[in-house]
Amino acid sequence: MHAVNDVSLNIRAGEIYGLVGADGAGKTTTIRLLVGALKADAGDVKICGYDINKQTEQARSQFGYLSQRFSLYEDLTVLENIRFFAEVRGLKANEWLPRCMEILEFVGLEKFTDRKAGQLSGGMKQKLGLASALVTKPRVLLLDEPTTGVDPVTRQDFWQLVIKLVSSPLHLSPNLGNLGGRWRGGEGGVAVLISTPYMDEASRCHRVGFMKDGKLIAEDTPSNLRARLNRRILELRGSPLHLLRHVAHQDEDVEDVQAFGDRLHIRVGEGKAQGVLSRLKSKIRSAGGQVDELRPVPPVLEDVFIALSESK
Amino acid sequence: MNSRLLSIIRKEFIQIFRDTRTLVLILVIPIMQLFLLGYSATNDVRNVPLAVLDRSRSVESRALLDSYRAADYFRIAYAVDSETEIETLIMSGEARAAVIIPPDYAQRLADGNAQIAFILDGSDPTSASTALSAAQLIGQAHSTGILMQRFERSGMNLRVQPPVEVRTTVWFNPDLISAHFMIPGVIGMILYAIAAILTATSVVRERERGTIEQLIVTPIRPWELIVGKLMPYVLLGFFNTIEVLAVGHWWFGVPIRGDLGLIILLSGVFMVTGLGIGLLASTIANTQQEAMLTVWMTLLPSIFLSGFFFPLEAMPKILQWISYLMPLRYYLVIIRSLLLKGVGLDMIQLDVLAMTLFAVGIMTLAALRFRKRLD
């Protein structure tokens, strides 16, 4: 048994790559393989040209990694935490303080340097985690479900940071810009790999990879992925919902029915939309239900995700 | 020095000084153990409460009792009127020994063959056997004294001597103070326990909180992580050694006859065993409690089969063999020899060799397992 099989990922500088998939699809395992926390039976991982298993140290100094559980030392202060990660990742005695302050300012924690990490709110902890991963100004950032279990406002904040990072890398002050010389923002910025179970987050990525059973089954831009289901999603509003769902399921051209709040998304087979549109209303009415609206809608990423999850 | 290593050490120290539980473990527990064992784990029998049934009530019987009173082994706690009372007192534990002087004691003493009965509570064999020999010795001394007086009174002016005199000299611990034997052992136990428990919990804590996941993807090399995590506990271990040694020396009067540098050096070697056990436990345990328990499971046989409390010579052969597997055994021989006998390295070289082998072996095994667990 392999948790992850035959996964090939290519992430470019300045790109946010979203890795999505159900729990247990192999997202975390993939990321742990990438950072060298696990060793693959076959295949290789190159980070900025360095092989993670052969040139481990060089490769590891190229990326920042935030594991699924925020792993900070709760008994250390914000500054002590980020200093520790700065130093073990090679920042010199005269470099770490200005760099840490710069990064803390970037994530908005500069006022909390002396607060213990254990006393931070969930969102602040997450920002500190991001700051620790960013402190060496890595060219690659690997984020393993950084927003799982985080409230929507905090998620929004976090994404703003990630987007800011990719578009205008750390808006460096000139005197700090060349410290260490690892940060090459001008050449297209950071490459970000983020795994997430949330489709709204996936749609913010430049490219998305869908994982299922340890395999990468689809990879494309969000719009191209959505285009796969063009003209195959119908939205149905009416009542009672359970009856609508039942009747829709009966139709031979309907592949799947999903509830989206007070409406249903009906996925139909390739080129079957017209047929379903013309007969479904009357079928529902004759079964005693009421149809308020039935129309084709542009697919959302969630539709694609569900379709891919069900595919063999 | 390597800056990554320094960062790990500094971080570890900050954590130690912020964690009250760890601080108590380091600062208070060793001294507490020392006082507890220094005072409680003693075989010295003093002031055994004695019940006296004096049926003779004569000058002679009072002289005998004075002899018992004079030695501080016994304290005449009760003067009773019947044997039933003696039974009650011993049953209830209020008296541990009783002496019965018959009504005709003075008369028979004059005739030359007086007898007294001495009863001991043998439920605690250790103190009873000491009290037993004390009771006999005091009695014999008393009767020798009476003999001498008689000779003198009878006008035989020759100096009377018992035909054989055993002149005993006790080396190293002339007053046979148990604390002098126990305290070096306490140093060994504390070094082992503190080093193992702190190492195990500090490594497991990183795994529990998930921080180790962040650490292994940094450029830190596994050996740096091991050394960086262990170093603070090595320093604390030395601190504990000196702390316990100082209190043992100035409070309990334990002599330090050997070379202090050698004592500290060999304590350091022994500490490596404790650190290794801790690191090993951390690779087995998933939670801090499990780690603690694992260490305790190795600590108990160590204490009982190392000669800490009970002499190895008195154990069945099989336990004696097992004791060779206890690193603490070698350290106890070494530290006791160094402190009490003041020997040099040449007298303890086999024990030093064995202890060093254990230290290196256990640490190597632990480091290998730790590395493997990281991958």
# chains A, B, ... in the order shown; residues from 1 in each chain; ligands from 1

call {"tool": "select_by_dssp", "arguments": {"residues": "region 93-298 of chain A", "states": "helix (DSSP H, G or I)", "output": "VMD selection string"}}
result
chain A and resid 96 to 107 110 to 112 117 to 119 122 to 134 152 to 167 169 to 171 174 to 177 185 to 187 199 to 202 222 to 227 241 to 250 273 to 286

call {"tool": "residues_around", "arguments": {"residues": "Trp96 (chain A)", "least_positions_apart": "4", "cutoff": "7 Å", "atoms": "only C-alpha atoms", "output": "ChimeraX atom specification"}}
result
/A:83,86,91-92,100

call {"tool": "interface_residues", "arguments": {"of": "chain A", "to": "chain B", "cutoff": "8 Å", "atoms": "only C-alpha atoms", "output": "PyMOL selection string"}}
result
chain A and resi 35-39+56-58+60-61+65-67+69-73+75-76+80+84+87-90

call {"tool": "atom_distance", "arguments": {"atom1": "CA of Tyr50 (chain A)", "atom2": "CA of Lys215 (chain A)"}}
result
24.0 Å

call {"tool": "residues_around", "arguments": {"residues": "region 263-277 of chain B", "least_positions_apart": "5", "cutoff": "6 Å", "atoms": "only C-alpha atoms", "output": "PyMOL selection string"}}
result
chain B and resi 191-192+195-196+359+362-363+366

call {"tool": "write_last_selection", "arguments": {"atoms": "C-alpha atoms", "output": "mmCIF file, in the first residue's frame"}}
result
data_model
loop_
_atom_site.group_PDB
_atom_site.id
_atom_site.type_symbol
_atom_site.label_atom_id
_atom_site.label_comp_id
_atom_site.auth_asym_id
_atom_site.auth_seq_id
_atom_site.Cartn_x
_atom_site.Cartn_y
_atom_site.Cartn_z
ATOM 1 C CA LEU B 191 21.809 11.850 38.374
ATOM 2 C CA TYR B 192 20.140 8.914 36.692
ATOM 3 C CA ALA B 195 18.842 13.136 33.487
ATOM 4 C CA ALA B 196 16.561 10.398 32.145
ATOM 5 C CA ALA B 359 27.225 4.766 28.922
ATOM 6 C CA ILE B 362 23.204 2.978 25.699
ATOM 7 C CA MET B 363 23.836 6.420 24.226
ATOM 8 C CA ALA B 366 19.512 5.755 21.811
#

call {"tool": "residues_around", "arguments": {"residues": "Val7 (chain A)", "least_positions_apart": "2", "cutoff": "10 Å", "atoms": "only C-alpha atoms", "output": "ChimeraX atom specification"}}
result
/A:4-5,9,26,30,43,211,214-217

call {"tool": "select_by_dssp", "arguments": {"residues": "region 79-252 of chain A", "states": "strand (DSSP E or B)", "output": "PyMOL selection string"}}
result
chain A and resi 116+140-144+191-195+207-212+215-220+233-239

call {"tool": "atom_distance", "arguments": {"atom1": "CA of Leu176 (chain B)", "atom2": "CA of Ala71 (chain B)"}}
result
16.0 Å

call {"tool": "residues_around", "arguments": {"residues": "Val343 (chain B)", "least_positions_apart": "5", "cutoff": "8 Å", "atoms": "only C-alpha atoms", "output": "PyMOL selection string"}}
result
chain B and resi 257-258+337-338+348

call {"tool": "write_last_selection", "arguments": {"atoms": "N, CA and C atoms", "output": "compact mmCIF listing (two decimals), in the first residue's frame"}}
result
# COMPACT_ATOMS: atom_id res chain seq x y z
N ARG B 257 36.89 12.17 50.25
CA ARG B 257 38.31 11.84 50.42
C ARG B 257 39.03 11.74 49.09
N GLY B 258 38.28 11.37 48.04
CA GLY B 258 38.92 11.19 46.73
C GLY B 258 39.08 12.51 46.01
N SER B 337 33.52 4.50 46.78
CA SER B 337 34.96 4.33 46.96
C SER B 337 35.65 5.69 46.94
N LEU B 338 35.21 6.55 46.03
CA LEU B 338 35.89 7.84 45.90
C LEU B 338 35.62 8.72 47.12
N ILE B 348 39.54 1.29 41.09
CA ILE B 348 38.15 1.12 40.63
C ILE B 348 38.08 1.00 39.11

call {"tool": "closest_residue", "arguments": {"among": "A:Pro222, A:Gly21, A:Gly261, A:Gly288", "to": "Val300 (chain A)", "atoms": "only C-alpha atoms"}}
result
A:Pro222

call {"tool": "closest_residue", "arguments": {"among": "A:Ala307, A:Leu236, A:Leu243, A:Ile16", "to": "Lys164 (chain A)", "atoms": "only C-alpha atoms"}}
result
A:Ile16

call {"tool": "residues_around", "arguments": {"residues": "region 276-281 of chain A", "least_positions_apart": "5", "cutoff": "9 Å", "atoms": "only C-alpha atoms", "output": "list in words"}}
result
Leu234, Val247, Ala248, Asp251, Asp253, Val254, Val268, Ser286, Gln290, Val291, Glu293, Leu294, Arg295 and Pro296 of chain A

call {"tool": "closest_residue", "arguments": {"among": "A:Asp256, A:Asp114, A:Asp262, A:Asp144", "to": "Thr196 (chain A)", "atoms": "only C-alpha atoms"}}
result
A:Asp144

call {"tool": "residues_around", "arguments": {"residues": "Asp121 (chain B)", "least_positions_apart": "2", "cutoff": "9 Å", "atoms": "only C-alpha atoms", "output": "ChimeraX atom specification"}}
result
/B:90-91,93,95-98,119,123-125,128

call {"tool": "decode", "arguments": {"residues": "region 112-162 of chain B", "atoms": "N, CA and C atoms", "output": "PDB file, in the first residue's frame"}}
result
ATOM      1  N   GLY B 112      26.336 -16.394  91.689  1.00  0.00           N
ATOM      2  CA  GLY B 112      27.171 -16.503  90.490  1.00  0.00           C
ATOM      3  C   GLY B 112      26.458 -16.909  89.222  1.00  0.00           C
ATOM      4  N   ASN B 113      25.161 -17.123  89.229  1.00  0.00           N
ATOM      5  CA  ASN B 113      24.510 -17.428  87.951  1.00  0.00           C
ATOM      6  C   ASN B 113      23.125 -16.787  87.828  1.00  0.00           C
ATOM      7  N   ALA B 114      23.130 -15.478  87.808  1.00  0.00           N
ATOM      8  CA  ALA B 114      21.857 -14.766  87.660  1.00  0.00           C
ATOM      9  C   ALA B 114      21.413 -14.790  86.199  1.00  0.00           C
ATOM     10  N   GLN B 115      20.096 -14.753  86.022  1.00  0.00           N
ATOM     11  CA  GLN B 115      19.566 -14.705  84.650  1.00  0.00           C
ATOM     12  C   GLN B 115      18.581 -13.560  84.535  1.00  0.00           C
ATOM     13  N   ILE B 116      18.588 -12.927  83.366  1.00  0.00           N
ATOM     14  CA  ILE B 116      17.510 -11.984  83.079  1.00  0.00           C
ATOM     15  C   ILE B 116      16.924 -12.375  81.722  1.00  0.00           C
ATOM     16  N   ALA B 117      15.665 -11.972  81.498  1.00  0.00           N
ATOM     17  CA  ALA B 117      15.045 -12.256  80.198  1.00  0.00           C
ATOM     18  C   ALA B 117      15.014 -10.970  79.383  1.00  0.00           C
ATOM     19  N   PHE B 118      15.365 -11.109  78.123  1.00  0.00           N
ATOM     20  CA  PHE B 118      15.311  -9.937  77.233  1.00  0.00           C
ATOM     21  C   PHE B 118      14.427 -10.290  76.041  1.00  0.00           C
ATOM     22  N   ILE B 119      13.403  -9.536  75.834  1.00  0.00           N
ATOM     23  CA  ILE B 119      12.435  -9.831  74.764  1.00  0.00           C
ATOM     24  C   ILE B 119      12.544  -8.747  73.684  1.00  0.00           C
ATOM     25  N   LEU B 120      12.578  -9.197  72.433  1.00  0.00           N
ATOM     26  CA  LEU B 120      12.688  -8.233  71.329  1.00  0.00           C
ATOM     27  C   LEU B 120      11.556  -8.412  70.341  1.00  0.00           C
ATOM     28  N   ASP B 121      11.097  -7.313  69.814  1.00  0.00           N
ATOM     29  CA  ASP B 121      10.098  -7.357  68.732  1.00  0.00           C
ATOM     30  C   ASP B 121      10.858  -7.607  67.424  1.00  0.00           C
ATOM     31  N   GLY B 122      10.694  -8.836  66.889  1.00  0.00           N
ATOM     32  CA  GLY B 122      11.470  -9.196  65.693  1.00  0.00           C
ATOM     33  C   GLY B 122      10.757  -8.931  64.387  1.00  0.00           C
ATOM     34  N   SER B 123       9.629  -8.206  64.444  1.00  0.00           N
ATOM     35  CA  SER B 123       8.899  -8.005  63.184  1.00  0.00           C
ATOM     36  C   SER B 123       9.710  -7.163  62.202  1.00  0.00           C
ATOM     37  N   ASP B 124      10.598  -6.315  62.690  1.00  0.00           N
ATOM     38  CA  ASP B 124      11.535  -5.642  61.795  1.00  0.00           C
ATOM     39  C   ASP B 124      12.917  -6.222  62.047  1.00  0.00           C
ATOM     40  N   PRO B 125      13.325  -7.207  61.241  1.00  0.00           N
ATOM     41  CA  PRO B 125      14.561  -7.953  61.530  1.00  0.00           C
ATOM     42  C   PRO B 125      15.797  -7.055  61.558  1.00  0.00           C
ATOM     43  N   THR B 126      15.813  -6.013  60.729  1.00  0.00           N
ATOM     44  CA  THR B 126      17.017  -5.192  60.650  1.00  0.00           C
ATOM     45  C   THR B 126      17.308  -4.518  61.989  1.00  0.00           C
ATOM     46  N   SER B 127      16.292  -3.835  62.511  1.00  0.00           N
ATOM     47  CA  SER B 127      16.560  -3.136  63.759  1.00  0.00           C
ATOM     48  C   SER B 127      16.626  -4.136  64.909  1.00  0.00           C
ATOM     49  N   ALA B 128      15.859  -5.234  64.809  1.00  0.00           N
ATOM     50  CA  ALA B 128      15.873  -6.209  65.894  1.00  0.00           C
ATOM     51  C   ALA B 128      17.253  -6.838  66.040  1.00  0.00           C
ATOM     52  N   SER B 129      17.898  -7.156  64.904  1.00  0.00           N
ATOM     53  CA  SER B 129      19.192  -7.823  65.027  1.00  0.00           C
ATOM     54  C   SER B 129      20.239  -6.874  65.612  1.00  0.00           C
ATOM     55  N   THR B 130      20.143  -5.610  65.272  1.00  0.00           N
ATOM     56  CA  THR B 130      21.070  -4.654  65.882  1.00  0.00           C
ATOM     57  C   THR B 130      20.796  -4.545  67.383  1.00  0.00           C
ATOM     58  N   ALA B 131      19.512  -4.446  67.725  1.00  0.00           N
ATOM     59  CA  ALA B 131      19.145  -4.327  69.134  1.00  0.00           C
ATOM     60  C   ALA B 131      19.556  -5.582  69.903  1.00  0.00           C
ATOM     61  N   LEU B 132      19.428  -6.728  69.232  1.00  0.00           N
ATOM     62  CA  LEU B 132      19.775  -8.000  69.868  1.00  0.00           C
ATOM     63  C   LEU B 132      21.250  -8.017  70.271  1.00  0.00           C
ATOM     64  N   SER B 133      22.109  -7.665  69.307  1.00  0.00           N
ATOM     65  CA  SER B 133      23.520  -7.723  69.659  1.00  0.00           C
ATOM     66  C   SER B 133      23.865  -6.639  70.676  1.00  0.00           C
ATOM     67  N   ALA B 134      23.175  -5.505  70.582  1.00  0.00           N
ATOM     68  CA  ALA B 134      23.421  -4.461  71.578  1.00  0.00           C
ATOM     69  C   ALA B 134      23.048  -4.967  72.963  1.00  0.00           C
ATOM     70  N   ALA B 135      21.869  -5.631  73.047  1.00  0.00           N
ATOM     71  CA  ALA B 135      21.406  -6.128  74.344  1.00  0.00           C
ATOM     72  C   ALA B 135      22.413  -7.109  74.922  1.00  0.00           C
ATOM     73  N   GLN B 136      22.944  -8.018  74.068  1.00  0.00           N
ATOM     74  CA  GLN B 136      23.913  -9.006  74.549  1.00  0.00           C
ATOM     75  C   GLN B 136      25.214  -8.338  74.978  1.00  0.00           C
ATOM     76  N   LEU B 137      25.677  -7.413  74.135  1.00  0.00           N
ATOM     77  CA  LEU B 137      26.946  -6.745  74.435  1.00  0.00           C
ATOM     78  C   LEU B 137      26.879  -5.982  75.757  1.00  0.00           C
ATOM     79  N   ILE B 138      25.770  -5.258  75.929  1.00  0.00           N
ATOM     80  CA  ILE B 138      25.637  -4.468  77.159  1.00  0.00           C
ATOM     81  C   ILE B 138      25.614  -5.406  78.372  1.00  0.00           C
ATOM     82  N   GLY B 139      24.879  -6.514  78.207  1.00  0.00           N
ATOM     83  CA  GLY B 139      24.811  -7.497  79.305  1.00  0.00           C
ATOM     84  C   GLY B 139      26.177  -8.068  79.634  1.00  0.00           C
ATOM     85  N   GLN B 140      26.922  -8.443  78.584  1.00  0.00           N
ATOM     86  CA  GLN B 140      28.248  -9.026  78.805  1.00  0.00           C
ATOM     87  C   GLN B 140      29.187  -8.021  79.467  1.00  0.00           C
ATOM     88  N   ALA B 141      29.123  -6.781  78.958  1.00  0.00           N
ATOM     89  CA  ALA B 141      29.988  -5.755  79.535  1.00  0.00           C
ATOM     90  C   ALA B 141      29.666  -5.579  81.012  1.00  0.00           C
ATOM     91  N   HIS B 142      28.361  -5.602  81.300  1.00  0.00           N
ATOM     92  CA  HIS B 142      27.945  -5.430  82.688  1.00  0.00           C
ATOM     93  C   HIS B 142      28.478  -6.559  83.558  1.00  0.00           C
ATOM     94  N   SER B 143      28.367  -7.786  83.046  1.00  0.00           N
ATOM     95  CA  SER B 143      28.830  -8.898  83.892  1.00  0.00           C
ATOM     96  C   SER B 143      30.350  -8.918  83.996  1.00  0.00           C
ATOM     97  N   THR B 144      31.071  -8.532  82.957  1.00  0.00           N
ATOM     98  CA  THR B 144      32.522  -8.421  83.062  1.00  0.00           C
ATOM     99  C   THR B 144      32.881  -7.415  84.158  1.00  0.00           C
ATOM    100  N   GLY B 145      32.119  -6.293  84.147  1.00  0.00           N
ATOM    101  CA  GLY B 145      32.348  -5.271  85.167  1.00  0.00           C
ATOM    102  C   GLY B 145      32.183  -5.835  86.569  1.00  0.00           C
ATOM    103  N   ILE B 146      31.104  -6.641  86.749  1.00  0.00           N
ATOM    104  CA  ILE B 146      30.854  -7.230  88.070  1.00  0.00           C
ATOM    105  C   ILE B 146      32.002  -8.148  88.474  1.00  0.00           C
ATOM    106  N   LEU B 147      32.468  -8.951  87.510  1.00  0.00           N
ATOM    107  CA  LEU B 147      33.584  -9.874  87.777  1.00  0.00           C
ATOM    108  C   LEU B 147      34.815  -9.121  88.277  1.00  0.00           C
ATOM    109  N   MET B 148      35.140  -8.056  87.541  1.00  0.00           N
ATOM    110  CA  MET B 148      36.314  -7.269  87.895  1.00  0.00           C
ATOM    111  C   MET B 148      36.220  -6.758  89.326  1.00  0.00           C
ATOM    112  N   GLN B 149      34.991  -6.202  89.639  1.00  0.00           N
ATOM    113  CA  GLN B 149      34.784  -5.683  91.002  1.00  0.00           C
ATOM    114  C   GLN B 149      35.046  -6.757  92.036  1.00  0.00           C
ATOM    115  N   ARG B 150      34.540  -7.971  91.729  1.00  0.00           N
ATOM    116  CA  ARG B 150      34.693  -9.075  92.679  1.00  0.00           C
ATOM    117  C   ARG B 150      36.153  -9.408  92.914  1.00  0.00           C
ATOM    118  N   PHE B 151      36.873  -9.481  91.816  1.00  0.00           N
ATOM    119  CA  PHE B 151      38.301  -9.791  91.937  1.00  0.00           C
ATOM    120  C   PHE B 151      38.991  -8.759  92.809  1.00  0.00           C
ATOM    121  N   GLU B 152      38.628  -7.487  92.515  1.00  0.00           N
ATOM    122  CA  GLU B 152      39.267  -6.422  93.281  1.00  0.00           C
ATOM    123  C   GLU B 152      38.945  -6.546  94.761  1.00  0.00           C
ATOM    124  N   ARG B 153      37.622  -6.779  95.044  1.00  0.00           N
ATOM    125  CA  ARG B 153      37.202  -6.840  96.433  1.00  0.00           C
ATOM    126  C   ARG B 153      37.850  -8.020  97.153  1.00  0.00           C
ATOM    127  N   SER B 154      38.035  -9.137  96.445  1.00  0.00           N
ATOM    128  CA  SER B 154      38.570 -10.323  97.092  1.00  0.00           C
ATOM    129  C   SER B 154      40.069 -10.193  97.348  1.00  0.00           C
ATOM    130  N   GLY B 155      40.582  -9.006  97.017  1.00  0.00           N
ATOM    131  CA  GLY B 155      41.976  -8.756  97.342  1.00  0.00           C
ATOM    132  C   GLY B 155      42.953  -9.339  96.354  1.00  0.00           C
ATOM    133  N   MET B 156      42.463 -10.050  95.337  1.00  0.00           N
ATOM    134  CA  MET B 156      43.381 -10.564  94.313  1.00  0.00           C
ATOM    135  C   MET B 156      43.813  -9.380  93.483  1.00  0.00           C
ATOM    136  N   ASN B 157      44.986  -8.944  93.684  1.00  0.00           N
ATOM    137  CA  ASN B 157      45.373  -7.669  93.102  1.00  0.00           C
ATOM    138  C   ASN B 157      45.950  -7.777  91.693  1.00  0.00           C
ATOM    139  N   LEU B 158      45.860  -9.009  91.117  1.00  0.00           N
ATOM    140  CA  LEU B 158      46.375  -9.123  89.751  1.00  0.00           C
ATOM    141  C   LEU B 158      45.429  -8.433  88.763  1.00  0.00           C
ATOM    142  N   ARG B 159      45.966  -7.930  87.699  1.00  0.00           N
ATOM    143  CA  ARG B 159      45.126  -7.295  86.671  1.00  0.00           C
ATOM    144  C   ARG B 159      44.448  -8.396  85.861  1.00  0.00           C
ATOM    145  N   VAL B 160      43.150  -8.419  85.959  1.00  0.00           N
ATOM    146  CA  VAL B 160      42.440  -9.491  85.265  1.00  0.00           C
ATOM    147  C   VAL B 160      42.109  -9.037  83.830  1.00  0.00           C
ATOM    148  N   GLN B 161      42.350  -9.931  82.914  1.00  0.00           N
ATOM    149  CA  GLN B 161      42.048  -9.639  81.513  1.00  0.00           C
ATOM    150  C   GLN B 161      41.261 -10.806  80.950  1.00  0.00           C
ATOM    151  N   PRO B 162      40.290 -10.551  80.079  1.00  0.00           N
ATOM    152  CA  PRO B 162      39.687 -11.683  79.363  1.00  0.00           C
ATOM    153  C   PRO B 162      40.772 -12.305  78.486  1.00  0.00           C
TER     154      PRO B 162
END
